[in-house]
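J.: Structure provided below as structure tokens; questions to follow.
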Amino acid sequence: MSLLADTLFTNARVRTLTGPDRAGTAEAVAVLGDRVVALEEVPARRVVDLGGAVVAPGFSDAHNHMAWYGLTLAEVDLRVGSMDELLDRVAERARETPEGEWVVGAGYDDNKVGGHPHRDALDRAADGRPVWLRHTSGHMCTVSSAVLARLGLAERGREVPGGVVVVDADGRPTGVLQETAQELLNPLVLPYPVDVLVDAIERAARVYLRQGITRCVEAGIGGGWIGKSPVEVAAYQRARDAGRLPVRVELMVAAEVLHPLAGHADDGLPVGLDLGLRTGFGDDRLRIGPMKIFSDGSLIGHTAAMCHDFADAPGERGYLQGEADDLRRTIVDAHRSGWRVAAHAIGDAAIDLVLDAYEEAQRRWPRPDPRHRIEHFGVARDDQVTRAAALGVVPVPQARFVRELGDGFLRALGPKRAGQAYRLRSLLDAGLVLPGSSDRPVVDGAPLLGMQDMVERRTAAGAAFGPAEALTGLEALASYTVGSAQASHLEDRLGTLAPGMLADLVVLSDDPAAVAPDRIGAIEVLRTVVGGETAWDAEEGG
Ligand SMILES: [Zn+2]
């Protein structure tokens, strides 16, 4: 019986990402159902001549915030250069917003607009409506008087542990809420309705397809400060049922959502979700991923837990986001209960704590290849890289941070320690799995931009940033494909192109592994195929 494929993509320069050096190539890809069936010319019902374009496995973002990003797409874009322009945009949105409803914006930078918008100015611009504008860092926001009134902060501020309600010389709040003071808003804005989240998820997914993303890992749902609703899985499931989830998604569950389970004492399942659901439940379209836990804060905000002082803030070393013993116990219990763990750790002191916990977990409750992760792996010493490799831990750094946030990192770390920040090359050299990821919407999440930054490692101001950690174009492409698949333990079906693999692929105008580094980000995505179906085609738009 001879093979008849559904679709043959031909006249292509195919990067299969197979082989020990990931250098495999082919000239055609044949698809049957949702799988690749051949990498050569075979009879097919439909033949698509790609005219010499490049084909690669679909891009996979191993750490992004899909619903959050989708929500920001519907908000007022505040990435402007002046306060007048910012207030104009708020006023414009207010005019089309029904009375009493919120005007929400994101992305302003006080350095670029000459300070934070003041509540009085927001009251005038939005005609008294509730206004909530988030700073580009995510670490602060500013709100109008209508919001302050609902928080009981109209006339006086109050003490908030780990945060600040900013007040003027007379003690009157200005509207600015820093760090944990932002959580005062939670009862007013959370939970988001499932329908709003479905819209946001689809909006994000449509952007992802245009950028070649066929799969992503959503880095925290259900609770904590990162979750949007306690029933967030329902939003993804509803989106999928309605044909509005065109990319594959793995959902990290916020550690706060796991709770003691009442199974049999012999089960060894101290914590988890109801019914014992855990990492891996679901299918290739939508599945539950790791438990997400925060061990420290951010480098720019000086809240990352460091072993040495910040270069630009003597005496400050940041701090852990909880008691060390509690963090360790949460990680060990989740491991014992069968969860993969994804621990946010940016400072080297936080990384030490997480590596200790992973080692203890595996010593006390051995599991084959648990593949626990360290999100960001921000500032890592050589001995930590070696230890992560020995433990089989997957670091998940974001190369785009170097471009968009790197100048601030250089100030916080000083030039010497910058070589330990957001490492790449030394991770591969140590034999570690290296996925590609963005942390979108914290920075631009287009994978080709991320790949360019992996190769260039330059800050926005043009400074070299740990140049010894740079990758080749092929290594960068491998990160965003097979590396991300390995980080999710899915390399048996995703991340490379070979017979039997899921037919997720991207058609590109040029080859990220071959063009000059400064041109990688400008490569066009011509077509994105998910499970054998063309989900985005540049010629048709959509
Ligand atoms: Zn994140």
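Identifiers for the structure tokens are assigned positionally: chains receive A, B, ... in sequence, residues are indexed from 1 per chain, and ligands are indexed from 1 in the order shown.
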Give as a short mmCIF file (atom, residue, chain, number, x, y, z; two decimals) with C-alpha atoms, in the first residue's frame the residues surrounding ligand 1 up to a distance of 6 Å, considering only C-alpha atoms and all ligand atoms.
T.:
data_model
loop_
_atom_site.label_atom_id
_atom_site.label_comp_id
_atom_site.auth_asym_id
_atom_site.auth_seq_id
_atom_site.Cartn_x
_atom_site.Cartn_y
_atom_site.Cartn_z
CA ASN A 64 4.56 33.74 28.66
CA ALA A 219 3.23 30.86 33.37
CA ASP A 439 7.74 36.40 29.60
#
J.: Which residues, written as a list of chain:residue names, have at least one atom at most 12 Å from Ala461 in chain A, with only C-alpha atoms counted and residues fewer than 5 positions away on the same chain left out?
T.: A:Val402, A:Arg403, A:Glu404, A:Leu405, A:Gly406, A:Asp407, A:Gly408, A:Leu410
J.: Take the residues from that selection and write them out as a PDB file, in the first residue's frame, keeping N, CA and C atoms.
T.:
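Result written to selection.pdb:
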ATOM      1  N   VAL A 402      17.614  41.077  27.935  1.00  0.00           N
ATOM      2  CA  VAL A 402      18.902  41.729  27.745  1.00  0.00           C
ATOM      3  C   VAL A 402      18.726  42.999  26.911  1.00  0.00           C
ATOM      4  N   ARG A 403      17.907  42.920  25.872  1.00  0.00           N
ATOM      5  CA  ARG A 403      17.672  44.087  25.012  1.00  0.00           C
ATOM      6  C   ARG A 403      16.875  45.158  25.758  1.00  0.00           C
ATOM      7  N   GLU A 404      15.716  44.776  26.276  1.00  0.00           N
ATOM      8  CA  GLU A 404      14.777  45.792  26.768  1.00  0.00           C
ATOM      9  C   GLU A 404      15.086  46.249  28.196  1.00  0.00           C
ATOM     10  N   LEU A 405      15.703  45.376  28.999  1.00  0.00           N
ATOM     11  CA  LEU A 405      15.940  45.712  30.402  1.00  0.00           C
ATOM     12  C   LEU A 405      17.430  45.710  30.752  1.00  0.00           C
ATOM     13  N   GLY A 406      18.277  45.370  29.789  1.00  0.00           N
ATOM     14  CA  GLY A 406      19.689  45.104  30.069  1.00  0.00           C
ATOM     15  C   GLY A 406      20.466  46.298  30.610  1.00  0.00           C
ATOM     16  N   ASP A 407      20.126  47.508  30.174  1.00  0.00           N
ATOM     17  CA  ASP A 407      20.856  48.669  30.695  1.00  0.00           C
ATOM     18  C   ASP A 407      20.613  48.822  32.193  1.00  0.00           C
ATOM     19  N   GLY A 408      19.390  48.555  32.627  1.00  0.00           N
ATOM     20  CA  GLY A 408      19.099  48.566  34.069  1.00  0.00           C
ATOM     21  C   GLY A 408      19.810  47.430  34.784  1.00  0.00           C
ATOM     22  N   LEU A 410      22.679  46.176  33.952  1.00  0.00           N
ATOM     23  CA  LEU A 410      24.098  46.538  34.060  1.00  0.00           C
ATOM     24  C   LEU A 410      24.325  47.441  35.264  1.00  0.00           C
TER      25      LEU A 410
END
J.: Let me make sure I understand: among A:Leu432, A:Ala311, A:Val103, A:Val29, which one has the smallest atom-to-atom distance to Lys416 in chain A if we use only C-alpha atoms?
T.: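 Closest candidate: A:Ala311.
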J.: Tell me, as an MDAnalysis selection string, which residues lie within 8 Å of Lys292 in chain A, counting only C-alpha atoms; anything in the same chain fewer than 3 positions away does not count.
T.: chainID A and resid 219:220 252:255 341:344
J.: Compare A:Ala205, A:Leu277, A:Val48, A:Leu508 by their minimum atom-to-atom distance to Arg240 in chain A, counting only C-alpha atoms, and give me the closest one.
T.: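 Smallest separation from Arg240 in chain A among the options: A:Ala205.
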